[in-house]
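Asker: CSV, C-alpha atoms, file protein39.csv:
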```csv
chain,number,residue,atom,x,y,z
B,923,MET,CA,-1.5,21.8,4.6
B,924,ARG,CA,-4.4,20.8,2.4
B,925,LEU,CA,-7.8,19.9,3.8
B,926,PHE,CA,-11.2,18.9,2.4
B,927,VAL,CA,-14.1,20.5,4.1
B,928,ASN,CA,-17.9,20.4,3.7
B,929,GLU,CA,-18.4,24.1,3.3
B,930,ILE,CA,-17.0,27.5,4.0
B,931,ASN,CA,-19.1,30.5,5.3
B,932,GLY,CA,-17.6,33.9,4.8
B,933,ASP,CA,-14.0,34.5,5.5
B,934,LYS,CA,-13.7,31.9,8.3
B,935,CYS,CA,-14.0,28.1,8.6
B,936,VAL,CA,-14.3,26.3,11.9
B,937,LEU,CA,-12.9,22.8,11.9
B,938,ARG,CA,-14.4,20.3,14.4
B,939,GLY,CA,-14.3,16.5,14.9
B,940,ASP,CA,-11.8,14.5,12.9
B,941,ALA,CA,-10.6,17.5,10.9
B,942,HIS,CA,-9.8,19.4,14.1
B,943,ARG,CA,-8.1,16.5,15.7
B,944,HIS,CA,-6.1,15.9,12.6
B,945,VAL,CA,-4.9,19.5,12.4
B,946,ALA,CA,-4.4,20.2,16.1
B,947,TYR,CA,-3.1,16.9,17.4
B,948,SER,CA,-1.9,14.6,14.5
B,949,LEU,CA,-0.1,17.5,12.7
B,950,ARG,CA,0.5,19.5,15.8
B,951,SER,CA,-0.3,22.7,14.0
B,952,ARG,CA,0.1,26.2,15.5
B,953,VAL,CA,-1.6,29.5,15.1
B,954,GLY,CA,-0.4,31.2,12.0
B,955,ASP,CA,0.3,28.0,10.0
B,956,ALA,CA,-0.8,28.1,6.4
B,957,VAL,CA,-3.9,26.1,5.4
B,958,THR,CA,-5.6,25.4,2.0
B,959,LEU,CA,-9.2,24.4,2.3
B,960,CYS,CA,-11.1,22.6,-0.4
B,961,PRO,CA,-14.9,22.5,-0.2
B,962,GLN,CA,-14.9,20.7,-3.6
B,963,ASP,CA,-16.5,23.6,-5.5
B,964,GLY,CA,-13.6,24.0,-7.9
B,965,CYS,CA,-11.7,26.6,-5.7
B,966,ASP,CA,-8.9,26.6,-3.2
B,967,TYR,CA,-9.4,28.8,-0.1
B,968,ILE,CA,-6.1,30.0,1.1
B,969,GLY,CA,-5.8,31.0,4.8
B,970,SER,CA,-4.0,30.5,8.1
B,971,ILE,CA,-4.9,29.1,11.5
B,972,GLU,CA,-6.4,31.9,13.6
B,973,LYS,CA,-7.2,30.0,16.8
B,974,ILE,CA,-7.0,26.5,18.2
B,975,THR,CA,-9.0,25.3,21.2
B,976,GLN,CA,-9.6,21.9,22.7
B,977,SER,CA,-12.6,21.3,20.5
B,978,GLU,CA,-12.1,23.3,17.3
B,979,THR,CA,-9.7,25.0,15.0
B,980,THR,CA,-10.5,28.3,13.3
B,981,VAL,CA,-9.1,29.1,9.9
B,982,LYS,CA,-9.1,32.7,8.5
B,983,ILE,CA,-9.5,32.9,4.7
B,984,SER,CA,-7.3,35.4,2.9
B,985,SER,CA,-7.8,34.6,-0.7
B,986,VAL,CA,-9.7,32.3,-3.1
B,987,VAL,CA,-8.2,30.8,-6.3
B,988,LYS,CA,-9.3,28.3,-8.9
B,989,SER,CA,-8.1,24.7,-8.1
B,990,ALA,CA,-5.1,24.3,-10.4
B,991,GLY,CA,-5.1,20.5,-9.9
B,992,GLU,CA,-8.5,20.0,-11.5
B,993,PRO,CA,-8.7,19.0,-15.2
B,994,LYS,CA,-10.9,20.7,-17.7
B,995,VAL,CA,-12.6,17.4,-18.6
B,996,GLU,CA,-14.8,15.3,-16.4
B,997,LEU,CA,-13.4,11.8,-16.5
B,998,THR,CA,-15.1,8.6,-15.2
B,999,VAL,CA,-13.4,5.3,-15.2
B,1000,PHE,CA,-15.5,2.1,-15.4
B,1001,CYS,CA,-13.1,-0.5,-14.2
B,1002,ALA,CA,-13.9,-4.2,-13.9
B,1003,VAL,CA,-13.5,-5.4,-10.3
B,1004,PRO,CA,-10.0,-7.1,-10.1
B,1005,ASN,CA,-9.4,-10.4,-8.4
B,1006,LYS,CA,-7.5,-8.9,-5.5
B,1007,GLY,CA,-8.6,-5.9,-3.4
B,1008,ASP,CA,-5.2,-4.3,-3.3
B,1009,LYS,CA,-5.2,-3.9,-7.0
B,1010,LEU,CA,-8.3,-1.7,-6.7
B,1011,ASP,CA,-6.6,0.3,-3.9
B,1012,LEU,CA,-3.8,1.0,-6.3
B,1013,ILE,CA,-6.1,1.9,-9.2
B,1014,ALA,CA,-8.1,4.4,-7.0
B,1015,GLN,CA,-4.9,6.1,-5.7
B,1016,LYS,CA,-3.3,6.5,-9.1
B,1017,LEU,CA,-6.5,7.5,-11.0
B,1018,THR,CA,-6.9,10.2,-8.3
B,1019,GLU,CA,-3.4,11.5,-9.0
B,1020,LEU,CA,-4.1,11.6,-12.7
B,1021,GLY,CA,-7.3,13.7,-12.4
B,1022,VAL,CA,-10.1,11.2,-12.6
B,1023,GLY,CA,-13.4,12.6,-11.3
B,1024,ALA,CA,-15.3,9.3,-10.6
B,1025,ILE,CA,-14.4,5.6,-10.3
B,1026,ARG,CA,-17.2,3.1,-11.1
B,1027,PRO,CA,-16.4,-0.6,-10.6
B,1028,ILE,CA,-18.3,-2.9,-12.9
B,1029,MET,CA,-19.0,-6.6,-12.9
B,1030,THR,CA,-18.3,-8.2,-16.3
B,1031,GLU,CA,-18.6,-11.7,-17.6
B,1032,PHE,CA,-15.0,-12.6,-16.9
B,1033,THR,CA,-14.7,-10.6,-13.7
B,1034,GLN,CA,-13.0,-12.7,-11.0
B,1035,GLY,CA,-13.5,-10.3,-8.1
B,1036,LYS,CA,-16.6,-10.2,-6.0
B,1037,ALA,CA,-18.9,-7.1,-5.8
B,1038,GLU,CA,-19.0,-7.4,-2.0
B,1039,SER,CA,-15.2,-7.2,-1.9
B,1040,VAL,CA,-15.4,-3.6,-3.1
B,1041,ARG,CA,-15.2,-1.4,0.0
B,1042,THR,CA,-16.2,2.1,-1.2
B,1043,ASP,CA,-15.5,3.7,2.2
B,1044,ARG,CA,-11.9,2.5,2.1
B,1045,LEU,CA,-11.5,3.5,-1.5
B,1046,SER,CA,-12.9,6.9,-0.8
B,1047,ARG,CA,-10.3,7.4,2.0
B,1048,ILE,CA,-7.5,6.4,-0.3
B,1049,CYS,CA,-8.8,8.9,-2.9
B,1050,GLU,CA,-8.9,11.6,-0.3
B,1051,GLU,CA,-5.3,11.1,0.8
B,1052,ALA,CA,-4.1,10.9,-2.8
B,1053,ALA,CA,-6.1,14.1,-3.6
B,1054,LYS,CA,-4.4,15.9,-0.7
B,1055,GLN,CA,-1.0,14.7,-1.7
B,1056,CYS,CA,-1.2,15.7,-5.4
B,1057,GLY,CA,-3.0,19.0,-5.0
B,1058,ARG,CA,-6.5,18.1,-6.2
B,1059,GLY,CA,-9.4,20.4,-5.4
B,1060,VAL,CA,-12.0,17.5,-5.6
B,1061,ILE,CA,-12.0,14.0,-4.2
B,1062,PRO,CA,-13.1,11.5,-6.9
B,1063,LYS,CA,-16.5,9.9,-6.3
B,1064,VAL,CA,-16.3,6.1,-5.7
B,1065,PHE,CA,-19.5,4.2,-6.6
B,1066,SER,CA,-20.7,0.8,-5.7
B,1067,PRO,CA,-20.2,-1.9,-8.3
B,1068,ILE,CA,-22.8,-2.1,-11.1
B,1069,LYS,CA,-23.5,-4.8,-13.8
B,1070,PHE,CA,-22.1,-4.4,-17.3
B,1071,GLY,CA,-25.6,-3.8,-18.6
B,1072,GLU,CA,-26.2,-1.0,-16.2
B,1073,MET,CA,-23.1,0.7,-17.5
B,1074,LEU,CA,-24.4,0.5,-21.0
B,1075,ASP,CA,-27.5,2.5,-20.0
B,1076,VAL,CA,-25.4,5.5,-18.8
B,1077,LEU,CA,-22.8,5.8,-21.6
B,1078,GLU,CA,-24.9,8.2,-23.6
B,1079,GLU,CA,-24.2,10.8,-20.9
B,1080,TYR,CA,-20.6,11.0,-22.2
B,1081,ASP,CA,-19.1,12.9,-25.1
B,1082,LEU,CA,-16.4,10.3,-25.6
B,1083,THR,CA,-16.0,6.7,-24.6
B,1084,VAL,CA,-12.6,5.0,-24.6
B,1085,PHE,CA,-12.8,1.2,-24.9
B,1086,PRO,CA,-9.5,-0.8,-25.0
B,1087,TYR,CA,-10.1,-4.3,-26.3
B,1088,GLU,CA,-7.5,-7.0,-26.7
B,1089,LYS,CA,-9.1,-8.4,-29.9
B,1090,GLU,CA,-9.0,-5.0,-31.6
B,1091,LYS,CA,-6.1,-5.0,-34.1
B,1092,THR,CA,-6.6,-1.9,-36.3
B,1093,LEU,CA,-7.6,1.3,-34.5
B,1094,SER,CA,-4.9,2.5,-32.1
B,1095,LEU,CA,-5.6,4.5,-29.0
B,1096,LYS,CA,-3.4,7.3,-30.4
B,1097,LYS,CA,-5.3,7.6,-33.6
B,1098,PHE,CA,-8.7,7.3,-31.9
B,1099,LEU,CA,-7.9,10.1,-29.5
B,1100,ARG,CA,-6.3,12.4,-32.1
B,1101,ASP,CA,-9.3,11.9,-34.5
B,1102,SER,CA,-11.7,13.0,-31.8
B,1103,SER,CA,-12.7,16.6,-31.5
B,1104,ALA,CA,-10.9,17.5,-28.3
B,1105,ASP,CA,-12.4,21.0,-28.0
B,1106,CYS,CA,-15.9,19.6,-27.8
B,1107,ILE,CA,-15.1,16.9,-25.2
B,1108,LYS,CA,-16.3,17.7,-21.7
B,1109,LYS,CA,-17.3,14.3,-20.3
B,1110,VAL,CA,-15.2,11.2,-20.9
B,1111,ALA,CA,-15.8,7.5,-20.0
B,1112,VAL,CA,-13.0,5.0,-19.9
B,1113,ILE,CA,-13.9,1.3,-19.8
B,1114,ILE,CA,-11.2,-1.1,-18.5
B,1115,GLY,CA,-11.7,-4.9,-18.3
B,1116,SER,CA,-10.6,-7.4,-15.7
B,1117,GLU,CA,-7.8,-10.0,-15.8
B,1118,GLY,CA,-9.9,-12.0,-18.3
B,1119,GLY,CA,-10.7,-9.0,-20.5
B,1120,PHE,CA,-14.2,-8.7,-22.2
B,1121,SER,CA,-16.3,-11.3,-23.8
B,1122,CYS,CA,-17.2,-11.1,-27.5
B,1123,GLY,CA,-20.8,-10.4,-26.4
B,1124,GLU,CA,-19.8,-7.5,-24.3
B,1125,ALA,CA,-17.7,-6.0,-27.1
B,1126,THR,CA,-20.6,-6.4,-29.5
B,1127,ALA,CA,-22.9,-4.7,-27.0
B,1128,LEU,CA,-20.6,-1.7,-26.7
B,1129,ARG,CA,-20.3,-1.4,-30.5
B,1130,ASP,CA,-24.1,-1.5,-30.8
B,1131,LYS,CA,-24.0,1.6,-28.5
B,1132,GLY,CA,-21.7,3.3,-31.0
B,1133,VAL,CA,-18.5,2.7,-28.9
B,1134,GLU,CA,-15.4,2.0,-31.0
B,1135,SER,CA,-12.8,-0.4,-29.6
B,1136,VAL,CA,-9.1,0.5,-29.6
B,1137,THR,CA,-5.9,-1.5,-29.3
B,1138,LEU,CA,-3.1,-0.8,-26.8
B,1139,GLY,CA,-0.6,-2.7,-28.9
B,1140,ASN,CA,0.9,-6.2,-28.8
B,1141,ARG,CA,1.6,-6.4,-25.1
B,1142,ILE,CA,-1.1,-7.6,-22.7
B,1143,LEU,CA,-1.3,-5.2,-19.8
B,1144,ARG,CA,-2.5,-6.1,-16.3
B,1145,THR,CA,-5.8,-4.5,-15.4
B,1146,GLU,CA,-4.2,-2.1,-12.9
B,1147,THR,CA,-1.6,-1.1,-15.5
B,1148,ALA,CA,-4.2,-0.6,-18.2
B,1149,ASN,CA,-6.2,1.8,-16.0
B,1150,ILE,CA,-3.2,4.0,-15.4
B,1151,ALA,CA,-1.8,3.8,-18.9
B,1152,VAL,CA,-5.0,4.7,-20.7
B,1153,VAL,CA,-5.9,7.6,-18.4
B,1154,SER,CA,-2.4,8.9,-18.7
B,1155,ALA,CA,-2.6,8.8,-22.5
B,1156,LEU,CA,-6.0,10.5,-22.5
B,1157,MET,CA,-4.9,13.3,-20.2
B,1158,TYR,CA,-1.8,13.9,-22.4
B,1159,GLU,CA,-3.9,14.1,-25.6
B,1160,LEU,CA,-6.3,16.5,-23.9
B,1161,ASP,CA,-3.4,18.8,-23.0
B,1162,GLU,CA,-3.8,18.2,-19.3
B,1163,TRP,CA,0.0,17.6,-18.9
B,1164,GLN,CA,1.0,21.2,-19.0
B,1165,THR,CA,1.1,24.0,-16.5
B,1166,GLU,CA,-1.2,26.9,-16.9
B,1167,VAL,CA,0.4,30.3,-16.5
```
Here is the file; what I need is its structure written in the form of structure tokens.

Answerer:
Amino acid sequence: MRLFVNEINGDKCVLRGDAHRHVAYSLRSRVGDAVTLCPQDGCDYIGSIEKITQSETTVKISSVVKSAGEPKVELTVFCAVPNKGDKLDLIAQKLTELGVGAIRPIMTEFTQGKAESVRTDRLSRICEEAAKQCGRGVIPKVFSPIKFGEMLDVLEEYDLTVFPYEKEKTLSLKKFLRDSSADCIKKVAVIIGSEGGFSCGEATALRDKGVESVTLGNRILRTETANIAVVSALMYELDEWQTEV
């Protein structure tokens, strides 16, 4: 059983409210059941249930280990709001499984979706469930939508920005990633367009910021597919698809 908690004090953690009800009633847990608690500090707190009362569950911590499910890089995906909400649900779920640390919806010139359709509370719950399932130690942060220009203002915070663009014909994603100095990369931004892609003006604005565009080949990918494919390729090239011994 894996649970995300706000904090842990000492060698015990008392679960109340929704967390307690989930453990005690939904899962019908018993004293002695194993529990892994994640306060989102990069560590997993391994323990077992010590006591269950009507209002709280007490977990006794026996060991603390580094969260094996967290990548060495901090990855943020700026994804254009798709035309249907369920696409963003899928994107949030799969990006969580792949190790993304933050999801930042953006409004671009060709975005068909509406900013008010982005329910960050729902997406955060989807991310939490996915994080539990796949063994993450941190729940990705989901931000409210921002305008394309606002995104440009924060790109300088990242060591590497990956920008797939359908009109790019020369520089492949593979070459771009392998030419980058992977050892120096700590923070990565990925920018994925909507169903209509990016306008020429937006591509020029990114290039003016020093961001190179890359091609994903001859096939046109759906926006939800592009999010998953690009992050998968990036994690592979950054050696995140291996088990540490």

Asker: Just to confirm, what's the straight-line distance from atom CA of B:Lys1131 to atom CA of B:Ala1148 in Å (one decimal)?

Answerer: 22.4 Å

Asker: Up to 9 Å from (-5.7, 12.9, -8.4) in the file's coordinates: name the residues, counting all atoms listed in the file, as a list in words.

Answerer: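 The distance filter leaves exactly Gly991, Glu992, Ala1014, Gln1015, Lys1016, Leu1017, Thr1018, Glu1019, Leu1020, Gly1021, Val1022, Gly1023, Cys1049, Glu1050, Ala1052, Ala1053, Lys1054, Gln1055, Cys1056, Gly1057, Arg1058, Gly1059, Val1060, Ile1061 and Pro1062 of chain B.
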
Asker: Need the shell around B:Ser1039: protein/DNA/RNA residues with any atom at most 10 Å away, counting only C-alpha atoms. Skip same-chain ones fewer than 6 positions apart. Format as number ranges by chain?

Answerer: B: 1003-1007, 1067

Asker: Near B:Thr980, within 10 Å and counting all atoms listed in the file, which residues show up once chain neighbours fewer than 2 positions away are dropped, as a list in words?

Answerer: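 In the requested form, the answer reads Lys934, Cys935, Val936, Leu937, Arg938, His942, Val953, Ser970, Ile971, Glu972, Lys973, Ile974, Thr975, Glu978, Lys982 and Ile983 of chain B.
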
Asker: Hey, which of B:Glu1078, B:Val1112, B:Arg1044, B:Ser985 ends up closest to B:Phe1000? Count only C-alpha atoms.

Answerer: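 Checking each of B:Glu1078, B:Val1112, B:Arg1044, B:Ser985 against B:Phe1000, counting only C-alpha atoms, the winner is B:Val1112.
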
Asker: Nearest to B:Val987: which of B:Gly954, B:Gly969, B:Gly932, B:Gly1119 is it, counting all atoms listed in the file?

Answerer: B:Gly969

Asker: Between B:Lys1063, B:Val999, B:Ser984, B:Asp1008, which has the minimum distance to B:Val1153 (counting only C-alpha atoms)?

Answerer: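 Among the listed residues, B:Val999 lies closest to B:Val1153.
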
Asker: Would you please work out which residue, of B:Thr1145, B:Gln1164, B:Leu997, B:Asp1043, is nearest to B:Leu1082 when using all atoms listed in the file?

Answerer: B:Leu997

Asker: Suppose you want the space between atom CA of B:Ala1024 and atom CA of B:Asp1075; what is it in Å?

Answerer: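 Separation between atom CA of B:Ala1024 and atom CA of B:Asp1075: 16.8 Å.
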
Asker: Would you mind telling me which residue in B:Gln962, B:Ser951, B:Ser1102, B:Ser977 lies nearest to B:Met923 when using only C-alpha atoms?

Answerer: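 When distances to B:Met923 are compared using only C-alpha atoms, the smallest one comes from B:Ser951.
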
Asker: Here's a test: counting all atoms listed in the file, identify every protein, DNA and RNA residue with an atom at most 6 Å from (-10.5, 19.4, 3.7) in the file's coordinate frame, and state them as a list in words.

Answerer: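 The residues that fall inside the cut-off are Leu925, Phe926, Val927, Leu959 and Cys960 of chain B.
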
Asker: Which residues come within 8 Å of B:Val1133, counting only C-alpha atoms, excluding same-chain residues fewer than 6 positions away, as a list in words?

Answerer: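 In the requested format, the answer is Thr1083, Val1084 and Phe1085 of chain B.
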
Asker: Determine, counting only C-alpha atoms, which protein, DNA and RNA residues have an atom within 10 Å of an atom of B:Ser1066; residues of the same chain fewer than 3 positions away are not included. Present the result as a list in words.

Answerer: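 The residues that qualify are Ile1025, Arg1026, Pro1027, Ile1028, Ala1037, Glu1038, Val1040, Arg1041, Thr1042 and Asp1043 of chain B.
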
Asker: Would you mind telling me which residue in B:Ser1116, B:Thr998, B:Ser1103, B:Thr958 lies nearest to B:Met1029 when using only C-alpha atoms?

Answerer: B:Ser1116

Asker: Would you mind reading off the distance between atom CA of B:Leu1074 and atom CA of B:Gly1118, one decimal, in Å?

Answerer: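 Separation of atom CA of B:Leu1074 and atom CA of B:Gly1118: 19.3 Å.
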
Asker: Using the incomplete input, complete stretch 1023-1038 of chain B to the level of N, CA and C atoms; output as a PDB file, in the coordinates of the input.

Answerer:
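Output below, filename result-v9.pdb:
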```
ATOM      1  N   GLY B1023     -12.389  11.991 -12.115  1.00  0.00           N
ATOM      2  CA  GLY B1023     -13.400  12.600 -11.300  1.00  0.00           C
ATOM      3  C   GLY B1023     -14.318  11.522 -10.613  1.00  0.00           C
ATOM      4  N   ALA B1024     -14.414  10.329 -11.206  1.00  0.00           N
ATOM      5  CA  ALA B1024     -15.300   9.300 -10.600  1.00  0.00           C
ATOM      6  C   ALA B1024     -14.723   7.910 -11.002  1.00  0.00           C
ATOM      7  N   ILE B1025     -14.855   6.980 -10.064  1.00  0.00           N
ATOM      8  CA  ILE B1025     -14.400   5.600 -10.300  1.00  0.00           C
ATOM      9  C   ILE B1025     -15.669   4.712 -10.067  1.00  0.00           C
ATOM     10  N   ARG B1026     -16.036   3.965 -11.125  1.00  0.00           N
ATOM     11  CA  ARG B1026     -17.200   3.100 -11.100  1.00  0.00           C
ATOM     12  C   ARG B1026     -16.879   1.685 -11.368  1.00  0.00           C
ATOM     13  N   PRO B1027     -16.712   0.865 -10.343  1.00  0.00           N
ATOM     14  CA  PRO B1027     -16.400  -0.600 -10.600  1.00  0.00           C
ATOM     15  C   PRO B1027     -17.572  -1.236 -11.293  1.00  0.00           C
ATOM     16  N   ILE B1028     -17.236  -2.147 -12.201  1.00  0.00           N
ATOM     17  CA  ILE B1028     -18.300  -2.900 -12.900  1.00  0.00           C
ATOM     18  C   ILE B1028     -18.011  -4.376 -12.843  1.00  0.00           C
ATOM     19  N   MET B1029     -19.091  -5.118 -12.951  1.00  0.00           N
ATOM     20  CA  MET B1029     -19.000  -6.600 -12.900  1.00  0.00           C
ATOM     21  C   MET B1029     -19.245  -7.052 -14.380  1.00  0.00           C
ATOM     22  N   THR B1030     -18.226  -7.686 -14.947  1.00  0.00           N
ATOM     23  CA  THR B1030     -18.300  -8.200 -16.300  1.00  0.00           C
ATOM     24  C   THR B1030     -18.363  -9.704 -16.326  1.00  0.00           C
ATOM     25  N   GLU B1031     -18.499 -10.269 -17.510  1.00  0.00           N
ATOM     26  CA  GLU B1031     -18.600 -11.700 -17.600  1.00  0.00           C
ATOM     27  C   GLU B1031     -17.413 -12.457 -17.103  1.00  0.00           C
ATOM     28  N   PHE B1032     -16.228 -11.881 -17.317  1.00  0.00           N
ATOM     29  CA  PHE B1032     -15.000 -12.600 -16.900  1.00  0.00           C
ATOM     30  C   PHE B1032     -14.418 -11.998 -15.605  1.00  0.00           C
ATOM     31  N   THR B1033     -15.167 -11.140 -14.925  1.00  0.00           N
ATOM     32  CA  THR B1033     -14.700 -10.600 -13.700  1.00  0.00           C
ATOM     33  C   THR B1033     -14.494 -11.694 -12.632  1.00  0.00           C
ATOM     34  N   GLN B1034     -13.314 -11.737 -12.022  1.00  0.00           N
ATOM     35  CA  GLN B1034     -13.000 -12.700 -11.000  1.00  0.00           C
ATOM     36  C   GLN B1034     -13.288 -12.232  -9.593  1.00  0.00           C
ATOM     37  N   GLY B1035     -13.229 -10.913  -9.425  1.00  0.00           N
ATOM     38  CA  GLY B1035     -13.500 -10.300  -8.100  1.00  0.00           C
ATOM     39  C   GLY B1035     -14.965 -10.357  -7.775  1.00  0.00           C
ATOM     40  N   LYS B1036     -15.270 -10.187  -6.503  1.00  0.00           N
ATOM     41  CA  LYS B1036     -16.600 -10.200  -6.000  1.00  0.00           C
ATOM     42  C   LYS B1036     -17.094  -8.762  -5.729  1.00  0.00           C
ATOM     43  N   ALA B1037     -18.362  -8.481  -6.036  1.00  0.00           N
ATOM     44  CA  ALA B1037     -18.900  -7.100  -5.800  1.00  0.00           C
ATOM     45  C   ALA B1037     -18.801  -6.747  -4.332  1.00  0.00           C
ATOM     46  N   GLU B1038     -19.052  -7.726  -3.449  1.00  0.00           N
ATOM     47  CA  GLU B1038     -19.000  -7.400  -2.000  1.00  0.00           C
ATOM     48  C   GLU B1038     -17.620  -7.153  -1.498  1.00  0.00           C
TER      49      GLU B1038
END
```
